[in-house]
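Worksheet: one structure, shown below.
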Amino acid sequence: MYRILRKEVFSPSVKLLEIEAPRVARKAQAGQFVMLRVYERGERIPLTVADCDPERGSVTVVFMEVGKTTRLLGSLEEGAGILDFVGPLGNPTEIEKFGRVACVGGGVGVACIYPICRALKKAGNEVIAVVGARTKELLFWEDRLRETVDELLITTDDGSYVRKGFVTDVLREVAGRENPPDRVVAVGPLPMMRAVCGVTKEFGLKTIVSLNPIMVDGIGMCGACRVTVGGETRFVCVEGPEFDGHEVDFAELAQRLQRYRAQEQESLARYEAGCGGRC
Ligand SMILES: Cc1cc2nc3c(=O)[nH]c(=O)nc-3n(C[C@H](O)[C@H](O)[C@H](O)COP(=O)(O)OP(=O)(O)OC[C@H]3O[C@@H](n4cnc5c(N)ncnc54)[C@H](O)[C@@H]3O)c2cc1C
């Protein structure tokens, strides 16, 4: 069992868990993820490593409750155990001294962009973070990002904090500056990453996105996470999760994410009806 050391509730649907997993904590790098299973008959889900502390032997994940398993996970309290916690999986983010890098995070993607910003900064880059959320209540880790990056730009869809609009509005301004970024990294909901790529393509800026397809085993065996990148089939779990955003077939990926919608809804309905996750 992997014990939950700390729980933080950012909003009713976004939660942080710090989990005791010393071996994962020793190895995890920015951009990698874990696959976890709450109990024996539960499904495995992938979550990005938002932070890790090798000395404390812990890994932090931040997640949005969207369906049965993320709700079940969000209902666990400090001291509870998670049955399986496998990782680190996937390739780490490519970290080099690129010069100036804009890191764009949307929603829960902010947690995924944080370790990337930190690693890029450590490698000597000037880092501009552009983060957005639907409303002020859904924003988190502003303090952590502010300590890490050179410039932090915030947007909220409803204008409840800093600037009204989407991350793409701000990114367009950053891209149009006299000294535009040498590279853009985007993590967030699929429509956001797709829109980011639309902007950066116009400005000819290399863009890396972290893809989030349905994933079953996370180790390249099942093929569920396949995506088309540059006209070729790639497996996100072992060849990604990061790819050149200008090469990704986003329409196909969006369609594949909907594939088990009916089953996901049925599972959530059973969970809400009181199966306690054991259904
Ligand atoms: C490499 C990787 C890293 C990820 N990291 C994070 C993270 O750090 N934090 C986080 O909140 N989520 C992350 N996700 C998404 C997360 O795995 C899904 O939200 C989760 O599997 C949904 O499980 P569920 O049983 O709660 O919902 P389900 O019942 O499986 O799905 C409910 C709804 O969520 C949508 N959905 C299902 N799977 C995904 C998915 N993979 N991505 C986006 N939407 C999905 C479905 O279309 C459906 O509408 C990551 C996904 C991948 C592939």
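Every chain in the structure tokens has a letter given in the order shown (A, B, ...), and although residue numbers restart at 1 in each chain, ligands are simply numbered from 1 in the order shown.
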
Item to check | Residues near Gly188 (chain A), cut-off 9 Å, only C-alpha atoms, skip fewer than 6 positions along chain, as a ChimeraX atom specification | outcome: /A:104-110,112-113,209-212

As an mmCIF file with all heavy atoms, in the first residue's frame, please: every protein or nucleic acid residue near ligand 1 (cut-off 7 Å, counting only C-alpha atoms and all ligand atoms).
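Final file, result_15.cif:
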data_model
loop_
_atom_site.group_PDB
_atom_site.id
_atom_site.type_symbol
_atom_site.label_atom_id
_atom_site.label_comp_id
_atom_site.auth_asym_id
_atom_site.auth_seq_id
_atom_site.Cartn_x
_atom_site.Cartn_y
_atom_site.Cartn_z
ATOM 1 N N PHE A 33 4.991 10.470 -15.582
ATOM 2 C CA PHE A 33 3.711 10.221 -14.918
ATOM 3 C C PHE A 33 3.743 8.893 -14.157
ATOM 4 O O PHE A 33 4.711 8.128 -14.282
ATOM 5 C CB PHE A 33 2.564 10.255 -15.931
ATOM 6 C CG PHE A 33 2.625 9.199 -17.002
ATOM 7 C CD1 PHE A 33 1.975 7.984 -16.861
ATOM 8 C CD2 PHE A 33 3.339 9.414 -18.179
ATOM 9 C CE1 PHE A 33 2.038 7.013 -17.844
ATOM 10 C CE2 PHE A 33 3.405 8.445 -19.178
ATOM 11 C CZ PHE A 33 2.751 7.242 -19.007
ATOM 12 N N ILE A 45 -5.245 4.440 -13.610
ATOM 13 C CA ILE A 45 -5.299 5.744 -14.282
ATOM 14 C C ILE A 45 -3.919 6.422 -14.241
ATOM 15 O O ILE A 45 -3.168 6.252 -13.290
ATOM 16 C CB ILE A 45 -6.382 6.696 -13.690
ATOM 17 C CG1 ILE A 45 -6.118 7.007 -12.217
ATOM 18 C CG2 ILE A 45 -7.778 6.165 -13.912
ATOM 19 C CD1 ILE A 45 -6.810 8.275 -11.747
ATOM 20 N N PRO A 46 -3.604 7.166 -15.303
ATOM 21 C CA PRO A 46 -2.336 7.894 -15.317
ATOM 22 C C PRO A 46 -2.481 9.290 -14.713
ATOM 23 O O PRO A 46 -3.473 9.973 -14.964
ATOM 24 C CB PRO A 46 -2.029 8.005 -16.822
ATOM 25 C CG PRO A 46 -3.370 7.983 -17.497
ATOM 26 C CD PRO A 46 -4.333 7.299 -16.586
ATOM 27 N N LEU A 47 -1.512 9.690 -13.911
ATOM 28 C CA LEU A 47 -1.474 11.068 -13.401
ATOM 29 C C LEU A 47 -0.029 11.555 -13.467
ATOM 30 O O LEU A 47 0.905 10.806 -13.166
ATOM 31 C CB LEU A 47 -1.976 11.141 -11.952
ATOM 32 C CG LEU A 47 -3.463 10.839 -11.701
ATOM 33 C CD1 LEU A 47 -3.763 10.866 -10.212
ATOM 34 C CD2 LEU A 47 -4.380 11.811 -12.448
ATOM 35 N N THR A 48 0.137 12.812 -13.835
ATOM 36 C CA THR A 48 1.474 13.386 -13.978
ATOM 37 C C THR A 48 2.094 13.651 -12.602
ATOM 38 O O THR A 48 1.390 14.047 -11.667
ATOM 39 C CB THR A 48 1.374 14.707 -14.769
ATOM 40 O OG1 THR A 48 0.720 14.400 -15.996
ATOM 41 C CG2 THR A 48 2.729 15.310 -15.062
ATOM 42 N N VAL A 49 3.391 13.463 -12.508
ATOM 43 C CA VAL A 49 4.106 13.785 -11.271
ATOM 44 C C VAL A 49 4.190 15.314 -11.182
ATOM 45 O O VAL A 49 4.848 15.950 -12.005
ATOM 46 C CB VAL A 49 5.520 13.157 -11.278
ATOM 47 C CG1 VAL A 49 6.331 13.625 -10.077
ATOM 48 C CG2 VAL A 49 5.423 11.638 -11.318
ATOM 49 N N ALA A 50 3.504 15.887 -10.202
ATOM 50 C CA ALA A 50 3.504 17.346 -10.067
ATOM 51 C C ALA A 50 4.693 17.817 -9.234
ATOM 52 O O ALA A 50 5.159 18.941 -9.365
ATOM 53 C CB ALA A 50 2.194 17.815 -9.434
ATOM 54 N N VAL A 61 0.666 14.332 -6.639
ATOM 55 C CA VAL A 61 -0.163 14.412 -7.852
ATOM 56 C C VAL A 61 -1.294 15.402 -7.594
ATOM 57 O O VAL A 61 -1.741 15.567 -6.456
ATOM 58 C CB VAL A 61 -0.749 13.028 -8.256
ATOM 59 C CG1 VAL A 61 0.332 12.081 -8.746
ATOM 60 C CG2 VAL A 61 -1.551 12.387 -7.123
ATOM 61 N N VAL A 62 -1.705 16.064 -8.660
ATOM 62 C CA VAL A 62 -2.852 16.985 -8.574
ATOM 63 C C VAL A 62 -3.826 16.531 -9.658
ATOM 64 O O VAL A 62 -3.409 16.304 -10.797
ATOM 65 C CB VAL A 62 -2.425 18.446 -8.827
ATOM 66 C CG1 VAL A 62 -3.643 19.374 -8.811
ATOM 67 C CG2 VAL A 62 -1.408 18.905 -7.785
ATOM 68 N N PHE A 63 -5.073 16.370 -9.308
ATOM 69 C CA PHE A 63 -6.004 15.830 -10.309
ATOM 70 C C PHE A 63 -7.374 16.471 -10.218
ATOM 71 O O PHE A 63 -7.779 16.985 -9.182
ATOM 72 C CB PHE A 63 -6.140 14.297 -10.151
ATOM 73 C CG PHE A 63 -6.583 13.891 -8.779
ATOM 74 C CD1 PHE A 63 -7.922 13.652 -8.495
ATOM 75 C CD2 PHE A 63 -5.655 13.774 -7.761
ATOM 76 C CE1 PHE A 63 -8.332 13.295 -7.226
ATOM 77 C CE2 PHE A 63 -6.055 13.415 -6.473
ATOM 78 C CZ PHE A 63 -7.388 13.178 -6.214
ATOM 79 N N MET A 64 -8.056 16.390 -11.358
ATOM 80 C CA MET A 64 -9.427 16.882 -11.416
ATOM 81 C C MET A 64 -10.353 15.675 -11.373
ATOM 82 O O MET A 64 -10.118 14.681 -12.066
ATOM 83 C CB MET A 64 -9.650 17.676 -12.689
ATOM 84 C CG MET A 64 -11.100 18.062 -12.872
ATOM 85 S SD MET A 64 -11.328 19.354 -14.081
ATOM 86 C CE MET A 64 -10.972 20.791 -13.111
ATOM 87 N N GLU A 65 -11.374 15.759 -10.559
ATOM 88 C CA GLU A 65 -12.334 14.655 -10.484
ATOM 89 C C GLU A 65 -13.276 14.760 -11.675
ATOM 90 O O GLU A 65 -14.077 15.692 -11.761
ATOM 91 C CB GLU A 65 -13.123 14.741 -9.179
ATOM 92 C CG GLU A 65 -12.236 14.561 -7.955
ATOM 93 C CD GLU A 65 -13.013 14.605 -6.658
ATOM 94 O OE1 GLU A 65 -14.263 14.596 -6.691
ATOM 95 O OE2 GLU A 65 -12.371 14.663 -5.603
ATOM 96 N N VAL A 66 -13.121 13.811 -12.605
ATOM 97 C CA VAL A 66 -13.978 13.838 -13.803
ATOM 98 C C VAL A 66 -14.868 12.603 -13.907
ATOM 99 O O VAL A 66 -15.902 12.638 -14.551
ATOM 100 C CB VAL A 66 -13.157 13.985 -15.111
ATOM 101 C CG1 VAL A 66 -12.542 15.349 -15.240
ATOM 102 C CG2 VAL A 66 -12.102 12.894 -15.236
ATOM 103 N N GLY A 67 -14.437 11.501 -13.314
ATOM 104 C CA GLY A 67 -15.211 10.264 -13.432
ATOM 105 C C GLY A 67 -15.061 9.446 -12.174
ATOM 106 O O GLY A 67 -14.608 9.946 -11.134
ATOM 107 N N LYS A 68 -15.397 8.164 -12.269
ATOM 108 C CA LYS A 68 -15.438 7.323 -11.075
ATOM 109 C C LYS A 68 -14.103 7.242 -10.324
ATOM 110 O O LYS A 68 -14.049 7.468 -9.116
ATOM 111 C CB LYS A 68 -15.881 5.913 -11.464
ATOM 112 C CG LYS A 68 -15.918 4.983 -10.300
ATOM 113 C CD LYS A 68 -16.027 3.555 -10.741
ATOM 114 C CE LYS A 68 -15.154 2.693 -9.858
ATOM 115 N NZ LYS A 68 -15.119 1.315 -10.310
ATOM 116 N N THR A 69 -13.026 6.926 -11.052
ATOM 117 C CA THR A 69 -11.777 6.669 -10.328
ATOM 118 C C THR A 69 -11.184 7.938 -9.717
ATOM 119 O O THR A 69 -10.687 7.901 -8.587
ATOM 120 C CB THR A 69 -10.768 5.954 -11.252
ATOM 121 O OG1 THR A 69 -11.395 4.764 -11.715
ATOM 122 C CG2 THR A 69 -9.491 5.600 -10.532
ATOM 123 N N THR A 70 -11.257 9.048 -10.441
ATOM 124 C CA THR A 70 -10.716 10.280 -9.865
ATOM 125 C C THR A 70 -11.593 10.743 -8.680
ATOM 126 O O THR A 70 -11.096 11.308 -7.718
ATOM 127 C CB THR A 70 -10.568 11.394 -10.924
ATOM 128 O OG1 THR A 70 -11.730 11.426 -11.751
ATOM 129 C CG2 THR A 70 -9.327 11.169 -11.783
ATOM 130 N N ARG A 71 -12.894 10.468 -8.730
ATOM 131 C CA ARG A 71 -13.758 10.808 -7.576
ATOM 132 C C ARG A 71 -13.409 9.947 -6.369
ATOM 133 O O ARG A 71 -13.333 10.421 -5.239
ATOM 134 C CB ARG A 71 -15.227 10.574 -7.925
ATOM 135 C CG ARG A 71 -15.709 11.595 -8.894
ATOM 136 C CD ARG A 71 -16.929 12.304 -8.383
ATOM 137 N NE ARG A 71 -17.460 13.030 -9.525
ATOM 138 C CZ ARG A 71 -18.723 13.238 -9.749
ATOM 139 N NH1 ARG A 71 -19.618 12.813 -8.903
ATOM 140 N NH2 ARG A 71 -19.104 13.909 -10.805
ATOM 141 N N VAL A 108 -5.790 21.905 -14.523
ATOM 142 C CA VAL A 108 -4.897 21.047 -13.743
ATOM 143 C C VAL A 108 -3.507 20.990 -14.381
ATOM 144 O O VAL A 108 -2.521 20.634 -13.738
ATOM 145 C CB VAL A 108 -5.472 19.612 -13.634
ATOM 146 C CG1 VAL A 108 -4.712 18.797 -12.616
ATOM 147 C CG2 VAL A 108 -6.924 19.645 -13.262
ATOM 148 N N GLY A 109 -3.429 21.352 -15.651
ATOM 149 C CA GLY A 109 -2.144 21.401 -16.354
ATOM 150 C C GLY A 109 -1.126 22.299 -15.661
ATOM 151 O O GLY A 109 0.080 22.154 -15.874
ATOM 152 N N ALA A 111 -0.310 22.172 -12.602
ATOM 153 C CA ALA A 111 0.509 21.303 -11.745
ATOM 154 C C ALA A 111 1.570 20.569 -12.556
ATOM 155 O O ALA A 111 2.651 20.280 -12.064
ATOM 156 C CB ALA A 111 -0.380 20.295 -11.029
ATOM 157 N N CYS A 112 1.234 20.269 -13.809
ATOM 158 C CA CYS A 112 2.176 19.526 -14.658
ATOM 159 C C CYS A 112 3.259 20.460 -15.190
ATOM 160 O O CYS A 112 4.399 20.053 -15.426
ATOM 161 C CB CYS A 112 1.442 18.877 -15.823
ATOM 162 S SG CYS A 112 -0.021 17.946 -15.315
ATOM 163 N N PRO A 189 -6.061 20.947 -20.992
ATOM 164 C CA PRO A 189 -7.099 20.242 -21.733
ATOM 165 C C PRO A 189 -6.777 20.235 -23.238
ATOM 166 O O PRO A 189 -6.147 21.177 -23.748
ATOM 167 C CB PRO A 189 -8.358 21.067 -21.452
ATOM 168 C CG PRO A 189 -8.023 21.946 -20.302
ATOM 169 C CD PRO A 189 -6.554 22.119 -20.272
ATOM 170 N N LEU A 211 0.402 14.937 -24.130
ATOM 171 C CA LEU A 211 -0.908 14.382 -24.508
ATOM 172 C C LEU A 211 -1.518 13.497 -23.416
ATOM 173 O O LEU A 211 -0.808 12.858 -22.646
ATOM 174 C CB LEU A 211 -0.760 13.580 -25.806
ATOM 175 C CG LEU A 211 -0.267 14.399 -27.007
ATOM 176 C CD1 LEU A 211 -0.192 13.527 -28.254
ATOM 177 C CD2 LEU A 211 -1.153 15.622 -27.275
ATOM 178 N N ASN A 212 -2.852 13.488 -23.382
ATOM 179 C CA ASN A 212 -3.561 12.754 -22.323
ATOM 180 C C ASN A 212 -4.648 11.847 -22.895
ATOM 181 O O ASN A 212 -5.815 12.009 -22.593
ATOM 182 C CB ASN A 212 -4.140 13.737 -21.301
ATOM 183 C CG ASN A 212 -5.030 14.780 -21.951
ATOM 184 O OD1 ASN A 212 -5.125 14.848 -23.182
ATOM 185 N ND2 ASN A 212 -5.713 15.561 -21.160
ATOM 186 N N PRO A 213 -4.251 10.880 -23.715
ATOM 187 C CA PRO A 213 -5.254 9.955 -24.251
ATOM 188 C C PRO A 213 -5.705 8.967 -23.182
ATOM 189 O O PRO A 213 -5.106 8.912 -22.106
ATOM 190 C CB PRO A 213 -4.475 9.201 -25.334
ATOM 191 C CG PRO A 213 -3.106 9.156 -24.786
ATOM 192 C CD PRO A 213 -2.893 10.457 -24.071
ATOM 193 N N ILE A 214 -6.710 8.184 -23.498
ATOM 194 C CA ILE A 214 -7.079 7.095 -22.590
ATOM 195 C C ILE A 214 -5.899 6.127 -22.572
ATOM 196 O O ILE A 214 -5.321 5.814 -23.615
ATOM 197 C CB ILE A 214 -8.373 6.414 -23.086
ATOM 198 C CG1 ILE A 214 -9.533 7.381 -22.836
ATOM 199 C CG2 ILE A 214 -8.589 5.060 -22.413
ATOM 200 C CD1 ILE A 214 -10.833 6.983 -23.450
ATOM 201 N N MET A 215 -5.533 5.697 -21.387
ATOM 202 C CA MET A 215 -4.348 4.862 -21.235
ATOM 203 C C MET A 215 -4.707 3.728 -20.286
ATOM 204 O O MET A 215 -5.328 3.975 -19.254
ATOM 205 C CB MET A 215 -3.245 5.738 -20.633
ATOM 206 C CG MET A 215 -1.867 5.286 -20.936
ATOM 207 S SD MET A 215 -0.698 6.464 -20.274
ATOM 208 C CE MET A 215 -0.341 7.499 -21.679
ATOM 209 N N CYS A 237 2.282 6.430 -24.056
ATOM 210 C CA CYS A 237 2.872 6.000 -22.786
ATOM 211 C C CYS A 237 4.380 5.784 -22.882
ATOM 212 O O CYS A 237 5.104 6.167 -21.965
ATOM 213 C CB CYS A 237 2.175 4.745 -22.271
ATOM 214 S SG CYS A 237 2.344 3.317 -23.348
ATOM 215 N N PRO A 241 4.998 11.240 -22.917
ATOM 216 C CA PRO A 241 3.736 11.833 -23.373
ATOM 217 C C PRO A 241 3.898 13.120 -24.193
ATOM 218 O O PRO A 241 2.926 13.648 -24.687
ATOM 219 C CB PRO A 241 2.992 12.132 -22.061
ATOM 220 C CG PRO A 241 4.077 12.341 -21.058
ATOM 221 C CD PRO A 241 5.216 11.449 -21.464
ATOM 222 N N LEU A 257 -10.871 9.978 -27.334
ATOM 223 C CA LEU A 257 -11.158 10.219 -25.911
ATOM 224 C C LEU A 257 -12.637 9.990 -25.580
ATOM 225 O O LEU A 257 -12.999 9.785 -24.440
ATOM 226 C CB LEU A 257 -10.761 11.647 -25.532
ATOM 227 C CG LEU A 257 -9.338 11.857 -25.040
ATOM 228 C CD1 LEU A 257 -9.031 13.336 -24.911
ATOM 229 C CD2 LEU A 257 -9.111 11.169 -23.700
ATOM 230 N N GLN A 258 -13.484 10.076 -26.603
ATOM 231 C CA GLN A 258 -14.925 9.913 -26.394
ATOM 232 C C GLN A 258 -15.373 8.455 -26.493
ATOM 233 O O GLN A 258 -16.518 8.134 -26.218
ATOM 234 C CB GLN A 258 -15.707 10.704 -27.476
ATOM 235 C CG GLN A 258 -15.463 12.191 -27.479
ATOM 236 C CD GLN A 258 -15.941 12.831 -26.191
ATOM 237 O OE1 GLN A 258 -16.983 12.449 -25.655
ATOM 238 N NE2 GLN A 258 -15.177 13.774 -25.671
ATOM 239 N N ARG A 261 -17.306 6.769 -23.597
ATOM 240 C CA ARG A 261 -18.133 7.738 -22.866
ATOM 241 C C ARG A 261 -19.324 7.075 -22.161
ATOM 242 O O ARG A 261 -19.558 7.304 -20.970
ATOM 243 C CB ARG A 261 -18.639 8.801 -23.862
ATOM 244 C CG ARG A 261 -19.269 9.988 -23.201
ATOM 245 C CD ARG A 261 -18.321 11.120 -23.222
ATOM 246 N NE ARG A 261 -18.616 12.069 -22.178
ATOM 247 C CZ ARG A 261 -18.487 13.355 -22.349
ATOM 248 N NH1 ARG A 261 -18.087 13.809 -23.495
ATOM 249 N NH2 ARG A 261 -18.734 14.174 -21.361
ATOM 250 N N GLU A 264 -18.167 5.037 -19.266
ATOM 251 C CA GLU A 264 -17.665 5.912 -18.191
ATOM 252 C C GLU A 264 -18.832 6.520 -17.422
ATOM 253 O O GLU A 264 -18.807 6.608 -16.197
ATOM 254 C CB GLU A 264 -16.799 7.026 -18.791
ATOM 255 C CG GLU A 264 -15.443 6.552 -19.283
ATOM 256 C CD GLU A 264 -14.775 7.536 -20.241
ATOM 257 O OE1 GLU A 264 -15.370 8.567 -20.597
ATOM 258 O OE2 GLU A 264 -13.646 7.246 -20.653
ATOM 259 N N GLN A 265 -19.879 6.918 -18.176
ATOM 260 C CA GLN A 265 -21.031 7.534 -17.515
ATOM 261 C C GLN A 265 -21.773 6.519 -16.651
ATOM 262 O O GLN A 265 -22.206 6.819 -15.546
ATOM 263 C CB GLN A 265 -21.952 8.154 -18.562
ATOM 264 C CG GLN A 265 -21.414 9.513 -18.993
ATOM 265 C CD GLN A 265 -22.147 10.119 -20.173
ATOM 266 O OE1 GLN A 265 -22.934 9.445 -20.833
ATOM 267 N NE2 GLN A 265 -21.886 11.379 -20.442
ATOM 268 N N SER A 267 -20.472 3.887 -15.222
ATOM 269 C CA SER A 267 -19.644 3.594 -14.051
ATOM 270 C C SER A 267 -19.779 4.700 -12.999
ATOM 271 O O SER A 267 -19.901 4.438 -11.804
ATOM 272 C CB SER A 267 -18.197 3.469 -14.535
ATOM 273 O OG SER A 267 -17.342 3.287 -13.477
ATOM 274 N N LEU A 268 -19.798 5.957 -13.480
ATOM 275 C CA LEU A 268 -19.946 7.089 -12.563
ATOM 276 C C LEU A 268 -21.324 7.064 -11.892
ATOM 277 O O LEU A 268 -21.451 7.303 -10.692
ATOM 278 C CB LEU A 268 -19.736 8.415 -13.321
ATOM 279 C CG LEU A 268 -19.812 9.680 -12.481
ATOM 280 C CD1 LEU A 268 -18.764 9.677 -11.370
ATOM 281 C CD2 LEU A 268 -19.620 10.925 -13.364
#

Item to check | Nearest to Asp84 (chain A) by atom-to-atom distance, counting only C-alpha atoms, from A:Met1, A:Asp244, A:Arg41, A:Lys97 | outcome: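 The closest residue to Asp84 (chain A) is A:Met1.
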
For region 150-193 of chain A versus region 126-136 of chain A, which residues have an atom no more than 6 Å away, and what is each residue's nearest atom pair and distance in Å rounded to one decimal, using only C-alpha atoms, chain-then-number order, as CSV?
residue,atom,partner,partner_atom,distance
A:Asp150,CA,A:Val127,CA,5.4
A:Glu151,CA,A:Ile128,CA,4.8
A:Leu152,CA,A:Ala129,CA,4.9
A:Leu153,CA,A:Val130,CA,4.8
A:Ile154,CA,A:Val131,CA,5.1
A:Thr155,CA,A:Gly132,CA,4.7
A:Thr156,CA,A:Ala133,CA,5.0
A:Asp157,CA,A:Arg134,CA,4.7
A:Asp158,CA,A:Thr135,CA,5.9
A:Ser160,CA,A:Lys136,CA,5.5
A:Tyr161,CA,A:Lys136,CA,5.3
A:Val167,CA,A:Gly132,CA,5.5

Checklist entry - Which residues come within 12 Å of Gly220 (chain A), counting only C-alpha atoms, excluding same-chain residues fewer than 5 positions away, as a count of residues only? => result 13

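What separates CA of Leu17 (chain A) from CA of Thr60 (chain A) is a distance of 5.7 Å.
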